[in-house]
Amino acid sequence: MTTVQVQCPAKTNLTLHVGARHEEWGGRHALETVYCAIGLYDTVIVTGKHPGAGFSLELAGQHLGDLASSASDMRRNHAVRALFALAQAAGVEPDAGIRIEKNIPVGAGLGGGSADAAGTLLALNELWGLHWPVERLSPIAATLGADMPFCLRGGTALGTGFGERIEPLAEDDARMQALRASGCTGRVLVGAYRAQLSTPEVYAAFDVLGPGGGPNDLQQAAISLHPRSGVAIDAALGAGASTAFVSGSGPSVIAFVPNEPAAQAVQRAWLQADAVDRIYCADAPARPVVRAEAA
């Protein structure tokens, strides 16, 4: 038996531009986005089981959201779907135990479910001795979710199509230089909430409201459903953040801060305004970390 552990980071979208719906993509919108992985990690631990033993899923963490519901269907969990997808692609039986230690908030626009699926693919790739390159894992990941191919890589990348086509961006890329000039540099603060937002619900609001200002076209829709996110953005900018925006489909808010005094000021402003429920400090960009050991 072998155990493989993957630290898989959350993601945010430094820019997110939403285009038209495409029926051939199941009604999903065209996207052009710059993904950035941030150092807020879920830990995925995968252990081999005896042939015919089947799979198991264990979840741990303080803030599991809907995942903690007794009505939650294990087979719909992103990590379990990744297990079955890779087993089918590789022609092996899905005999593995998955344990996920959640730290990324659930339903928060931070890609926690996608991180768990990507971590599972990376762990099983090692556990089963496949050693497939990321380029071979990415099409499998794309069948599970738009941002999952990015979560296999981390770092920063341009996403196109419905978000699944990934072009890694180097630090000296002109697009990254422009983003840094706009304030996307320094430490990252994440303002998170007990509330969750459904991505389809946010897109439905977007279809009515259209894009607002700022780098994230979904921001106006997310704030209409969760006004505290707008309060958090205003409070962060007023306290010295270089930039602040809703992460993905929300409701989490990302604030880049230029230095430690600004970080402390933003945290105080958030707490004084009751603008967020939890605050995380992270570095960016981050990447998945894979470790294997004998069980």
# chains A, B, ... in the order shown; residues from 1 in each chain; ligands from 1
call {"tool": "select_by_dssp", "arguments": {"residues": "region 147-292 of chain A", "states": "alpha helix (DSSP H)", "output": "PDB file with N, CA and C atoms, in the first residue's frame"}}
result
ATOM      1  N   MET A 148     -10.602  23.157 -13.683  1.00  0.00           N
ATOM      2  CA  MET A 148      -9.815  22.033 -13.174  1.00  0.00           C
ATOM      3  C   MET A 148      -8.492  21.827 -13.912  1.00  0.00           C
ATOM      4  N   PRO A 149      -8.427  22.010 -15.258  1.00  0.00           N
ATOM      5  CA  PRO A 149      -7.115  21.911 -15.899  1.00  0.00           C
ATOM      6  C   PRO A 149      -6.109  22.910 -15.325  1.00  0.00           C
ATOM      7  N   PHE A 150      -6.578  24.126 -14.993  1.00  0.00           N
ATOM      8  CA  PHE A 150      -5.665  25.084 -14.372  1.00  0.00           C
ATOM      9  C   PHE A 150      -5.206  24.591 -13.015  1.00  0.00           C
ATOM     10  N   CYS A 151      -6.111  24.027 -12.230  1.00  0.00           N
ATOM     11  CA  CYS A 151      -5.761  23.602 -10.873  1.00  0.00           C
ATOM     12  C   CYS A 151      -4.719  22.489 -10.863  1.00  0.00           C
ATOM     13  N   LEU A 152      -4.578  21.760 -11.968  1.00  0.00           N
ATOM     14  CA  LEU A 152      -3.506  20.765 -12.071  1.00  0.00           C
ATOM     15  C   LEU A 152      -2.132  21.415 -12.079  1.00  0.00           C
ATOM     16  N   ARG A 153      -2.056  22.646 -12.573  1.00  0.00           N
ATOM     17  CA  ARG A 153      -0.783  23.329 -12.777  1.00  0.00           C
ATOM     18  C   ARG A 153      -0.494  24.367 -11.698  1.00  0.00           C
ATOM     19  N   ALA A 174       4.003  40.191 -20.743  1.00  0.00           N
ATOM     20  CA  ALA A 174       3.487  41.564 -20.740  1.00  0.00           C
ATOM     21  C   ALA A 174       2.135  41.658 -20.039  1.00  0.00           C
ATOM     22  N   ARG A 175       1.319  40.612 -20.157  1.00  0.00           N
ATOM     23  CA  ARG A 175       0.012  40.634 -19.486  1.00  0.00           C
ATOM     24  C   ARG A 175       0.166  40.604 -17.973  1.00  0.00           C
ATOM     25  N   MET A 176       1.152  39.860 -17.483  1.00  0.00           N
ATOM     26  CA  MET A 176       1.383  39.822 -16.042  1.00  0.00           C
ATOM     27  C   MET A 176       1.960  41.154 -15.557  1.00  0.00           C
ATOM     28  N   GLN A 177       2.807  41.763 -16.361  1.00  0.00           N
ATOM     29  CA  GLN A 177       3.350  43.067 -15.992  1.00  0.00           C
ATOM     30  C   GLN A 177       2.237  44.104 -15.891  1.00  0.00           C
ATOM     31  N   ALA A 178       1.279  44.038 -16.813  1.00  0.00           N
ATOM     32  CA  ALA A 178       0.147  44.981 -16.773  1.00  0.00           C
ATOM     33  C   ALA A 178      -0.712  44.746 -15.534  1.00  0.00           C
ATOM     34  N   LEU A 179      -0.917  43.492 -15.174  1.00  0.00           N
ATOM     35  CA  LEU A 179      -1.712  43.190 -13.983  1.00  0.00           C
ATOM     36  C   LEU A 179      -1.010  43.666 -12.718  1.00  0.00           C
ATOM     37  N   ARG A 180       0.303  43.493 -12.660  1.00  0.00           N
ATOM     38  CA  ARG A 180       1.036  43.998 -11.488  1.00  0.00           C
ATOM     39  C   ARG A 180       0.932  45.515 -11.406  1.00  0.00           C
ATOM     40  N   ALA A 181       1.006  46.151 -12.562  1.00  0.00           N
ATOM     41  CA  ALA A 181       0.896  47.614 -12.571  1.00  0.00           C
ATOM     42  C   ALA A 181      -0.483  48.071 -12.107  1.00  0.00           C
ATOM     43  N   THR A 199     -22.784  28.953  -8.422  1.00  0.00           N
ATOM     44  CA  THR A 199     -22.271  29.509  -9.671  1.00  0.00           C
ATOM     45  C   THR A 199     -23.371  29.667 -10.725  1.00  0.00           C
ATOM     46  N   PRO A 200     -24.241  28.665 -10.934  1.00  0.00           N
ATOM     47  CA  PRO A 200     -25.329  28.880 -11.908  1.00  0.00           C
ATOM     48  C   PRO A 200     -26.223  30.057 -11.533  1.00  0.00           C
ATOM     49  N   GLU A 201     -26.449  30.281 -10.236  1.00  0.00           N
ATOM     50  CA  GLU A 201     -27.283  31.403  -9.811  1.00  0.00           C
ATOM     51  C   GLU A 201     -26.615  32.728 -10.142  1.00  0.00           C
ATOM     52  N   VAL A 202     -25.298  32.789  -9.972  1.00  0.00           N
ATOM     53  CA  VAL A 202     -24.571  34.020 -10.292  1.00  0.00           C
ATOM     54  C   VAL A 202     -24.618  34.283 -11.790  1.00  0.00           C
ATOM     55  N   TYR A 203     -24.431  33.245 -12.599  1.00  0.00           N
ATOM     56  CA  TYR A 203     -24.508  33.433 -14.051  1.00  0.00           C
ATOM     57  C   TYR A 203     -25.907  33.851 -14.482  1.00  0.00           C
ATOM     58  N   ALA A 204     -26.936  33.313 -13.811  1.00  0.00           N
ATOM     59  CA  ALA A 204     -28.302  33.731 -14.136  1.00  0.00           C
ATOM     60  C   ALA A 204     -28.494  35.216 -13.848  1.00  0.00           C
ATOM     61  N   ALA A 205     -27.932  35.689 -12.730  1.00  0.00           N
ATOM     62  CA  ALA A 205     -27.999  37.119 -12.418  1.00  0.00           C
ATOM     63  C   ALA A 205     -27.198  37.932 -13.420  1.00  0.00           C
ATOM     64  N   PHE A 206     -26.055  37.404 -13.841  1.00  0.00           N
ATOM     65  CA  PHE A 206     -25.237  38.085 -14.859  1.00  0.00           C
ATOM     66  C   PHE A 206     -26.003  38.231 -16.166  1.00  0.00           C
ATOM     67  N   ASP A 207     -26.750  37.201 -16.552  1.00  0.00           N
ATOM     68  CA  ASP A 207     -27.514  37.264 -17.800  1.00  0.00           C
ATOM     69  C   ASP A 207     -28.543  38.387 -17.772  1.00  0.00           C
ATOM     70  N   VAL A 208     -28.991  38.755 -16.581  1.00  0.00           N
ATOM     71  CA  VAL A 208     -29.954  39.842 -16.439  1.00  0.00           C
ATOM     72  C   VAL A 208     -29.255  41.196 -16.326  1.00  0.00           C
ATOM     73  N   LEU A 209     -28.211  41.244 -15.472  1.00  0.00           N
ATOM     74  CA  LEU A 209     -27.564  42.523 -15.148  1.00  0.00           C
ATOM     75  C   LEU A 209     -26.455  42.904 -16.117  1.00  0.00           C
ATOM     76  N   GLN A 219     -18.733  40.262 -11.043  1.00  0.00           N
ATOM     77  CA  GLN A 219     -18.732  40.925  -9.740  1.00  0.00           C
ATOM     78  C   GLN A 219     -20.075  41.580  -9.424  1.00  0.00           C
ATOM     79  N   GLN A 220     -20.642  42.305 -10.373  1.00  0.00           N
ATOM     80  CA  GLN A 220     -21.907  42.990 -10.128  1.00  0.00           C
ATOM     81  C   GLN A 220     -23.002  41.985  -9.782  1.00  0.00           C
ATOM     82  N   ALA A 221     -23.042  40.858 -10.495  1.00  0.00           N
ATOM     83  CA  ALA A 221     -24.051  39.836 -10.225  1.00  0.00           C
ATOM     84  C   ALA A 221     -23.854  39.229  -8.844  1.00  0.00           C
ATOM     85  N   ALA A 222     -22.588  38.945  -8.486  1.00  0.00           N
ATOM     86  CA  ALA A 222     -22.308  38.349  -7.177  1.00  0.00           C
ATOM     87  C   ALA A 222     -22.703  39.299  -6.049  1.00  0.00           C
ATOM     88  N   ILE A 223     -22.398  40.590  -6.200  1.00  0.00           N
ATOM     89  CA  ILE A 223     -22.728  41.563  -5.159  1.00  0.00           C
ATOM     90  C   ILE A 223     -24.244  41.743  -5.036  1.00  0.00           C
ATOM     91  N   SER A 224     -24.954  41.641  -6.167  1.00  0.00           N
ATOM     92  CA  SER A 224     -26.411  41.759  -6.094  1.00  0.00           C
ATOM     93  C   SER A 224     -27.019  40.653  -5.246  1.00  0.00           C
ATOM     94  N   LEU A 225     -26.369  39.484  -5.223  1.00  0.00           N
ATOM     95  CA  LEU A 225     -26.844  38.350  -4.440  1.00  0.00           C
ATOM     96  C   LEU A 225     -26.252  38.324  -3.039  1.00  0.00           C
ATOM     97  N   ARG A 228     -22.624  42.027   1.070  1.00  0.00           N
ATOM     98  CA  ARG A 228     -21.452  42.220   1.938  1.00  0.00           C
ATOM     99  C   ARG A 228     -20.145  42.167   1.145  1.00  0.00           C
ATOM    100  N   SER A 229     -20.138  41.465   0.022  1.00  0.00           N
ATOM    101  CA  SER A 229     -18.929  41.438  -0.807  1.00  0.00           C
ATOM    102  C   SER A 229     -18.582  42.842  -1.293  1.00  0.00           C
ATOM    103  N   GLY A 230     -19.595  43.618  -1.671  1.00  0.00           N
ATOM    104  CA  GLY A 230     -19.360  45.000  -2.087  1.00  0.00           C
ATOM    105  C   GLY A 230     -18.850  45.848  -0.945  1.00  0.00           C
ATOM    106  N   VAL A 231     -19.385  45.629   0.253  1.00  0.00           N
ATOM    107  CA  VAL A 231     -18.901  46.351   1.436  1.00  0.00           C
ATOM    108  C   VAL A 231     -17.428  46.031   1.677  1.00  0.00           C
ATOM    109  N   ALA A 232     -17.051  44.754   1.530  1.00  0.00           N
ATOM    110  CA  ALA A 232     -15.662  44.347   1.758  1.00  0.00           C
ATOM    111  C   ALA A 232     -14.712  44.971   0.745  1.00  0.00           C
ATOM    112  N   ILE A 233     -15.134  45.073  -0.506  1.00  0.00           N
ATOM    113  CA  ILE A 233     -14.291  45.694  -1.534  1.00  0.00           C
ATOM    114  C   ILE A 233     -14.055  47.161  -1.194  1.00  0.00           C
ATOM    115  N   ASP A 234     -15.115  47.878  -0.884  1.00  0.00           N
ATOM    116  CA  ASP A 234     -14.977  49.301  -0.552  1.00  0.00           C
ATOM    117  C   ASP A 234     -14.109  49.504   0.685  1.00  0.00           C
ATOM    118  N   ALA A 235     -14.304  48.658   1.702  1.00  0.00           N
ATOM    119  CA  ALA A 235     -13.521  48.791   2.929  1.00  0.00           C
ATOM    120  C   ALA A 235     -12.048  48.526   2.670  1.00  0.00           C
ATOM    121  N   ALA A 236     -11.741  47.513   1.847  1.00  0.00           N
ATOM    122  CA  ALA A 236     -10.348  47.185   1.548  1.00  0.00           C
ATOM    123  C   ALA A 236      -9.658  48.315   0.793  1.00  0.00           C
ATOM    124  N   LEU A 237     -10.331  48.848  -0.218  1.00  0.00           N
ATOM    125  CA  LEU A 237      -9.731  49.936  -0.993  1.00  0.00           C
ATOM    126  C   LEU A 237      -9.538  51.175  -0.133  1.00  0.00           C
ATOM    127  N   GLY A 238     -10.492  51.443   0.755  1.00  0.00           N
ATOM    128  CA  GLY A 238     -10.381  52.594   1.636  1.00  0.00           C
ATOM    129  C   GLY A 238      -9.265  52.464   2.658  1.00  0.00           C
ATOM    130  N   GLU A 260       2.901  45.106   4.938  1.00  0.00           N
ATOM    131  CA  GLU A 260       2.262  44.595   6.146  1.00  0.00           C
ATOM    132  C   GLU A 260       1.365  45.622   6.820  1.00  0.00           C
ATOM    133  N   PRO A 261       1.764  46.901   6.912  1.00  0.00           N
ATOM    134  CA  PRO A 261       0.830  47.870   7.504  1.00  0.00           C
ATOM    135  C   PRO A 261      -0.495  47.940   6.756  1.00  0.00           C
ATOM    136  N   ALA A 262      -0.456  47.874   5.427  1.00  0.00           N
ATOM    137  CA  ALA A 262      -1.696  47.885   4.654  1.00  0.00           C
ATOM    138  C   ALA A 262      -2.512  46.624   4.915  1.00  0.00           C
ATOM    139  N   ALA A 263      -1.828  45.483   5.050  1.00  0.00           N
ATOM    140  CA  ALA A 263      -2.530  44.238   5.345  1.00  0.00           C
ATOM    141  C   ALA A 263      -3.273  44.340   6.675  1.00  0.00           C
ATOM    142  N   GLN A 264      -2.616  44.880   7.678  1.00  0.00           N
ATOM    143  CA  GLN A 264      -3.248  45.020   8.987  1.00  0.00           C
ATOM    144  C   GLN A 264      -4.407  46.013   8.929  1.00  0.00           C
ATOM    145  N   ALA A 265      -4.231  47.079   8.159  1.00  0.00           N
ATOM    146  CA  ALA A 265      -5.300  48.083   8.040  1.00  0.00           C
ATOM    147  C   ALA A 265      -6.534  47.499   7.365  1.00  0.00           C
ATOM    148  N   VAL A 266      -6.327  46.689   6.315  1.00  0.00           N
ATOM    149  CA  VAL A 266      -7.464  46.075   5.632  1.00  0.00           C
ATOM    150  C   VAL A 266      -8.182  45.105   6.564  1.00  0.00           C
ATOM    151  N   GLN A 267      -7.421  44.329   7.302  1.00  0.00           N
ATOM    152  CA  GLN A 267      -8.051  43.390   8.231  1.00  0.00           C
ATOM    153  C   GLN A 267      -8.866  44.126   9.288  1.00  0.00           C
ATOM    154  N   ARG A 268      -8.335  45.215   9.823  1.00  0.00           N
ATOM    155  CA  ARG A 268      -9.083  46.004  10.815  1.00  0.00           C
ATOM    156  C   ARG A 268     -10.358  46.571  10.197  1.00  0.00           C
ATOM    157  N   ALA A 269     -10.248  47.081   8.964  1.00  0.00           N
ATOM    158  CA  ALA A 269     -11.418  47.671   8.293  1.00  0.00           C
ATOM    159  C   ALA A 269     -12.500  46.620   8.069  1.00  0.00           C
ATOM    160  N   TRP A 270     -12.091  45.434   7.645  1.00  0.00           N
ATOM    161  CA  TRP A 270     -13.064  44.361   7.436  1.00  0.00           C
ATOM    162  C   TRP A 270     -13.779  43.994   8.729  1.00  0.00           C
ATOM    163  N   LEU A 271     -13.011  43.894   9.810  1.00  0.00           N
ATOM    164  CA  LEU A 271     -13.610  43.507  11.084  1.00  0.00           C
ATOM    165  C   LEU A 271     -14.527  44.606  11.619  1.00  0.00           C
ATOM    166  N   GLN A 272     -14.085  45.851  11.517  1.00  0.00           N
ATOM    167  CA  GLN A 272     -14.885  46.963  12.034  1.00  0.00           C
ATOM    168  C   GLN A 272     -16.197  47.124  11.266  1.00  0.00           C
TER     169      GLN A 272
END
call {"tool": "select_by_dssp", "arguments": {"residues": "region 179-271 of chain A", "states": "strand (DSSP E)", "output": "number ranges by chain"}}
result
A: 187-192, 243-246, 253-257
call {"tool": "write_last_selection", "arguments": {"atoms": "N, CA and C atoms", "output": "PDB file, in the first residue's frame"}}
result
ATOM      1  N   ARG A 187       1.122  40.791  -1.102  1.00  0.00           N
ATOM      2  CA  ARG A 187       0.422  39.762  -0.342  1.00  0.00           C
ATOM      3  C   ARG A 187      -1.062  39.759  -0.700  1.00  0.00           C
ATOM      4  N   VAL A 188      -1.693  38.619  -0.461  1.00  0.00           N
ATOM      5  CA  VAL A 188      -3.108  38.449  -0.768  1.00  0.00           C
ATOM      6  C   VAL A 188      -3.880  38.229   0.528  1.00  0.00           C
ATOM      7  N   LEU A 189      -4.952  38.983   0.703  1.00  0.00           N
ATOM      8  CA  LEU A 189      -5.908  38.727   1.778  1.00  0.00           C
ATOM      9  C   LEU A 189      -7.192  38.200   1.153  1.00  0.00           C
ATOM     10  N   VAL A 190      -7.758  37.176   1.770  1.00  0.00           N
ATOM     11  CA  VAL A 190      -9.014  36.600   1.316  1.00  0.00           C
ATOM     12  C   VAL A 190     -10.069  36.850   2.384  1.00  0.00           C
ATOM     13  N   GLY A 191     -11.135  37.546   2.024  1.00  0.00           N
ATOM     14  CA  GLY A 191     -12.277  37.716   2.908  1.00  0.00           C
ATOM     15  C   GLY A 191     -13.327  36.679   2.553  1.00  0.00           C
ATOM     16  N   ALA A 192     -13.609  35.772   3.487  1.00  0.00           N
ATOM     17  CA  ALA A 192     -14.517  34.656   3.215  1.00  0.00           C
ATOM     18  C   ALA A 192     -15.771  34.760   4.082  1.00  0.00           C
ATOM     19  N   THR A 243      -5.663  46.687  -4.861  1.00  0.00           N
ATOM     20  CA  THR A 243      -6.863  46.369  -5.637  1.00  0.00           C
ATOM     21  C   THR A 243      -7.673  45.374  -4.832  1.00  0.00           C
ATOM     22  N   ALA A 244      -8.958  45.310  -5.093  1.00  0.00           N
ATOM     23  CA  ALA A 244      -9.841  44.367  -4.408  1.00  0.00           C
ATOM     24  C   ALA A 244     -10.989  44.028  -5.340  1.00  0.00           C
ATOM     25  N   PHE A 245     -11.414  42.758  -5.330  1.00  0.00           N
ATOM     26  CA  PHE A 245     -12.444  42.312  -6.255  1.00  0.00           C
ATOM     27  C   PHE A 245     -13.044  41.007  -5.759  1.00  0.00           C
ATOM     28  N   VAL A 246     -14.227  40.679  -6.274  1.00  0.00           N
ATOM     29  CA  VAL A 246     -14.855  39.399  -5.995  1.00  0.00           C
ATOM     30  C   VAL A 246     -14.064  38.299  -6.703  1.00  0.00           C
ATOM     31  N   VAL A 253     -13.889  37.725  -1.331  1.00  0.00           N
ATOM     32  CA  VAL A 253     -13.247  38.935  -1.843  1.00  0.00           C
ATOM     33  C   VAL A 253     -11.736  38.794  -1.711  1.00  0.00           C
ATOM     34  N   ILE A 254     -11.035  39.154  -2.768  1.00  0.00           N
ATOM     35  CA  ILE A 254      -9.571  39.151  -2.800  1.00  0.00           C
ATOM     36  C   ILE A 254      -9.081  40.583  -2.691  1.00  0.00           C
ATOM     37  N   ALA A 255      -8.118  40.802  -1.796  1.00  0.00           N
ATOM     38  CA  ALA A 255      -7.478  42.120  -1.686  1.00  0.00           C
ATOM     39  C   ALA A 255      -5.966  41.931  -1.760  1.00  0.00           C
ATOM     40  N   PHE A 256      -5.327  42.580  -2.713  1.00  0.00           N
ATOM     41  CA  PHE A 256      -3.865  42.628  -2.768  1.00  0.00           C
ATOM     42  C   PHE A 256      -3.402  43.831  -1.955  1.00  0.00           C
ATOM     43  N   VAL A 257      -2.390  43.616  -1.123  1.00  0.00           N
ATOM     44  CA  VAL A 257      -1.887  44.691  -0.264  1.00  0.00           C
ATOM     45  C   VAL A 257      -0.386  44.857  -0.489  1.00  0.00           C
TER      46      VAL A 257
END
call {"tool": "residues_around", "arguments": {"residues": "Asn103 (chain A)", "least_positions_apart": "6", "cutoff": "12 Å", "atoms": "only C-alpha atoms", "output": "compact mmCIF listing (two decimals) with all heavy atoms, in the first residue's frame"}}
result
# COMPACT_ATOMS: atom_id res chain seq x y z
N GLN A 7 -0.95 18.81 -1.71
CA GLN A 7 -1.41 20.12 -1.25
C GLN A 7 -1.83 20.88 -2.50
O GLN A 7 -0.99 21.20 -3.36
CB GLN A 7 -0.27 20.87 -0.56
CG GLN A 7 0.29 20.18 0.68
CD GLN A 7 -0.62 20.35 1.87
OE1 GLN A 7 -1.12 19.37 2.40
NE2 GLN A 7 -0.83 21.57 2.30
N CYS A 8 -3.13 21.15 -2.63
CA CYS A 8 -3.62 21.78 -3.86
C CYS A 8 -4.17 23.16 -3.53
O CYS A 8 -5.05 23.29 -2.67
CB CYS A 8 -4.69 20.91 -4.51
SG CYS A 8 -4.72 21.06 -6.31
N PRO A 9 -3.66 24.21 -4.17
CA PRO A 9 -4.04 25.58 -3.80
C PRO A 9 -5.38 26.02 -4.38
O PRO A 9 -5.86 25.49 -5.38
CB PRO A 9 -2.90 26.43 -4.37
CG PRO A 9 -2.41 25.65 -5.54
CD PRO A 9 -2.56 24.20 -5.16
N ALA A 10 -5.97 27.00 -3.71
CA ALA A 10 -7.16 27.67 -4.23
C ALA A 10 -6.77 28.49 -5.46
O ALA A 10 -5.60 28.69 -5.78
CB ALA A 10 -7.75 28.58 -3.16
N GLY A 39 -1.97 30.70 -2.13
CA GLY A 39 -1.49 29.76 -1.13
C GLY A 39 -2.45 29.50 0.01
O GLY A 39 -2.10 29.66 1.19
N LEU A 40 -3.64 29.06 -0.33
CA LEU A 40 -4.64 28.59 0.62
C LEU A 40 -4.98 27.18 0.14
O LEU A 40 -5.51 27.01 -0.97
CB LEU A 40 -5.86 29.51 0.59
CG LEU A 40 -7.09 29.13 1.41
CD1 LEU A 40 -6.74 29.02 2.89
CD2 LEU A 40 -8.20 30.16 1.20
N TYR A 41 -4.64 26.15 0.94
CA TYR A 41 -4.56 24.79 0.42
C TYR A 41 -5.59 23.84 1.04
O TYR A 41 -5.82 23.86 2.25
CB TYR A 41 -3.18 24.19 0.69
CG TYR A 41 -2.04 24.91 0.02
CD1 TYR A 41 -1.41 25.98 0.65
CD2 TYR A 41 -1.56 24.51 -1.22
CE1 TYR A 41 -0.34 26.65 0.05
CE2 TYR A 41 -0.49 25.16 -1.83
CZ TYR A 41 0.11 26.23 -1.18
OH TYR A 41 1.16 26.88 -1.78
N ASP A 42 -6.17 22.98 0.19
CA ASP A 42 -6.78 21.74 0.65
C ASP A 42 -5.73 20.64 0.54
O ASP A 42 -4.87 20.68 -0.35
CB ASP A 42 -7.98 21.36 -0.23
CG ASP A 42 -9.26 22.08 0.16
OD1 ASP A 42 -9.24 22.85 1.14
OD2 ASP A 42 -10.28 21.88 -0.53
N THR A 43 -5.80 19.67 1.44
CA THR A 43 -4.91 18.51 1.39
C THR A 43 -5.72 17.29 0.97
O THR A 43 -6.71 16.95 1.61
CB THR A 43 -4.26 18.25 2.75
OG1 THR A 43 -3.53 19.40 3.16
CG2 THR A 43 -3.30 17.07 2.67
N VAL A 44 -5.30 16.67 -0.12
CA VAL A 44 -5.93 15.45 -0.62
C VAL A 44 -4.98 14.29 -0.35
O VAL A 44 -3.82 14.32 -0.78
CB VAL A 44 -6.24 15.55 -2.12
CG1 VAL A 44 -6.86 14.24 -2.63
CG2 VAL A 44 -7.17 16.72 -2.41
N LEU A 59 -14.14 13.39 4.63
CA LEU A 59 -13.96 14.84 4.62
C LEU A 59 -13.70 15.32 6.03
O LEU A 59 -14.34 14.88 6.99
CB LEU A 59 -15.22 15.53 4.07
CG LEU A 59 -15.64 15.15 2.65
CD1 LEU A 59 -16.99 15.78 2.32
CD2 LEU A 59 -14.60 15.60 1.63
N ALA A 60 -12.76 16.25 6.16
CA ALA A 60 -12.43 16.83 7.45
C ALA A 60 -12.22 18.33 7.28
O ALA A 60 -11.80 18.79 6.22
CB ALA A 60 -11.18 16.19 8.05
N GLY A 61 -12.51 19.08 8.32
CA GLY A 61 -12.32 20.52 8.27
C GLY A 61 -13.41 21.23 9.03
O GLY A 61 -14.48 20.67 9.30
N GLN A 62 -13.16 22.49 9.39
CA GLN A 62 -14.08 23.24 10.22
C GLN A 62 -15.22 23.87 9.41
O GLN A 62 -16.29 24.14 9.94
CB GLN A 62 -13.34 24.35 10.97
CG GLN A 62 -12.38 23.84 12.03
CD GLN A 62 -11.76 24.97 12.81
OE1 GLN A 62 -11.61 26.08 12.30
NE2 GLN A 62 -11.39 24.71 14.05
N HIS A 63 -14.98 24.12 8.13
CA HIS A 63 -15.95 24.87 7.33
C HIS A 63 -16.28 24.08 6.07
O HIS A 63 -15.84 24.42 4.98
CB HIS A 63 -15.39 26.25 6.98
CG HIS A 63 -14.91 27.02 8.17
ND1 HIS A 63 -15.75 27.51 9.13
CD2 HIS A 63 -13.65 27.36 8.56
CE1 HIS A 63 -15.05 28.13 10.07
NE2 HIS A 63 -13.78 28.05 9.74
N LEU A 64 -17.09 23.02 6.24
CA LEU A 64 -17.39 22.14 5.12
C LEU A 64 -18.61 22.56 4.32
O LEU A 64 -18.86 22.03 3.24
CB LEU A 64 -17.59 20.71 5.64
CG LEU A 64 -16.36 20.04 6.25
CD1 LEU A 64 -16.72 18.66 6.79
CD2 LEU A 64 -15.22 19.95 5.24
N GLY A 65 -19.40 23.51 4.83
CA GLY A 65 -20.57 23.99 4.09
C GLY A 65 -21.50 22.85 3.70
O GLY A 65 -21.77 21.94 4.50
N LEU A 110 -13.48 30.22 -5.01
CA LEU A 110 -12.05 29.98 -4.86
C LEU A 110 -11.61 28.64 -5.43
O LEU A 110 -10.45 28.25 -5.27
CB LEU A 110 -11.65 30.06 -3.38
CG LEU A 110 -11.82 31.44 -2.73
CD1 LEU A 110 -11.72 31.33 -1.20
CD2 LEU A 110 -10.76 32.41 -3.26
N GLY A 111 -12.52 27.94 -6.10
CA GLY A 111 -12.15 26.70 -6.78
C GLY A 111 -11.80 25.56 -5.86
O GLY A 111 -11.01 24.68 -6.24
N GLY A 112 -12.40 25.49 -4.67
CA GLY A 112 -12.07 24.42 -3.74
C GLY A 112 -12.40 23.04 -4.27
O GLY A 112 -11.59 22.11 -4.15
N GLY A 113 -13.58 22.88 -4.86
CA GLY A 113 -13.94 21.60 -5.43
C GLY A 113 -13.03 21.21 -6.58
O GLY A 113 -12.63 20.04 -6.72
N ALA A 115 -9.92 22.23 -6.94
CA ALA A 115 -8.63 21.90 -6.34
C ALA A 115 -8.63 20.47 -5.84
O ALA A 115 -7.65 19.72 -6.02
CB ALA A 115 -8.31 22.86 -5.21
N ASP A 116 -9.74 20.04 -5.22
CA ASP A 116 -9.82 18.67 -4.71
C ASP A 116 -9.78 17.65 -5.85
O ASP A 116 -9.13 16.60 -5.74
CB ASP A 116 -11.10 18.49 -3.89
CG ASP A 116 -11.14 19.37 -2.66
OD1 ASP A 116 -10.08 19.88 -2.24
OD2 ASP A 116 -12.24 19.56 -2.11
N ALA A 192 -13.61 35.77 3.49
CA ALA A 192 -14.52 34.66 3.21
C ALA A 192 -15.77 34.76 4.08
O ALA A 192 -15.81 35.51 5.06
CB ALA A 192 -13.80 33.33 3.47
N ARG A 278 -14.47 35.51 7.80
CA ARG A 278 -13.16 34.92 8.07
C ARG A 278 -12.14 35.60 7.17
O ARG A 278 -12.47 36.01 6.05
CB ARG A 278 -13.15 33.41 7.79
CG ARG A 278 -14.12 32.63 8.65
CD ARG A 278 -13.89 31.13 8.53
NE ARG A 278 -14.06 30.61 7.19
CZ ARG A 278 -15.23 30.29 6.65
NH1 ARG A 278 -16.34 30.47 7.32
NH2 ARG A 278 -15.29 29.79 5.43
N ILE A 279 -10.91 35.67 7.63
CA ILE A 279 -9.83 36.30 6.87
C ILE A 279 -8.67 35.31 6.75
O ILE A 279 -8.24 34.72 7.75
CB ILE A 279 -9.35 37.60 7.53
CG1 ILE A 279 -10.51 38.60 7.64
CG2 ILE A 279 -8.19 38.21 6.73
CD1 ILE A 279 -10.16 39.84 8.44
N TYR A 280 -8.17 35.15 5.54
CA TYR A 280 -7.00 34.31 5.29
C TYR A 280 -5.91 35.17 4.65
O TYR A 280 -6.20 36.04 3.82
CB TYR A 280 -7.33 33.17 4.34
CG TYR A 280 -8.39 32.21 4.82
CD1 TYR A 280 -9.74 32.46 4.56
CD2 TYR A 280 -8.06 31.07 5.52
CE1 TYR A 280 -10.73 31.59 4.99
CE2 TYR A 280 -9.04 30.17 5.95
CZ TYR A 280 -10.37 30.45 5.69
OH TYR A 280 -11.35 29.58 6.12
call {"tool": "residues_around", "arguments": {"residues": "region 22-32 of chain A", "least_positions_apart": "5", "cutoff": "8 Å", "atoms": "only C-alpha atoms", "output": "ChimeraX atom specification"}}
result
/A:15-17,158-163
call {"tool": "residues_around", "arguments": {"residues": "Gln5 (chain A)", "least_positions_apart": "6", "cutoff": "6 Å", "atoms": "only C-alpha atoms", "output": "ChimeraX atom specification"}}
result
/A:44-45,290-291
call {"tool": "residues_around", "arguments": {"residues": "Ala108 (chain A)", "least_positions_apart": "5", "cutoff": "8 Å", "atoms": "only C-alpha atoms", "output": "number ranges by chain"}}
result
A: 192-193, 196-197, 247, 249-252
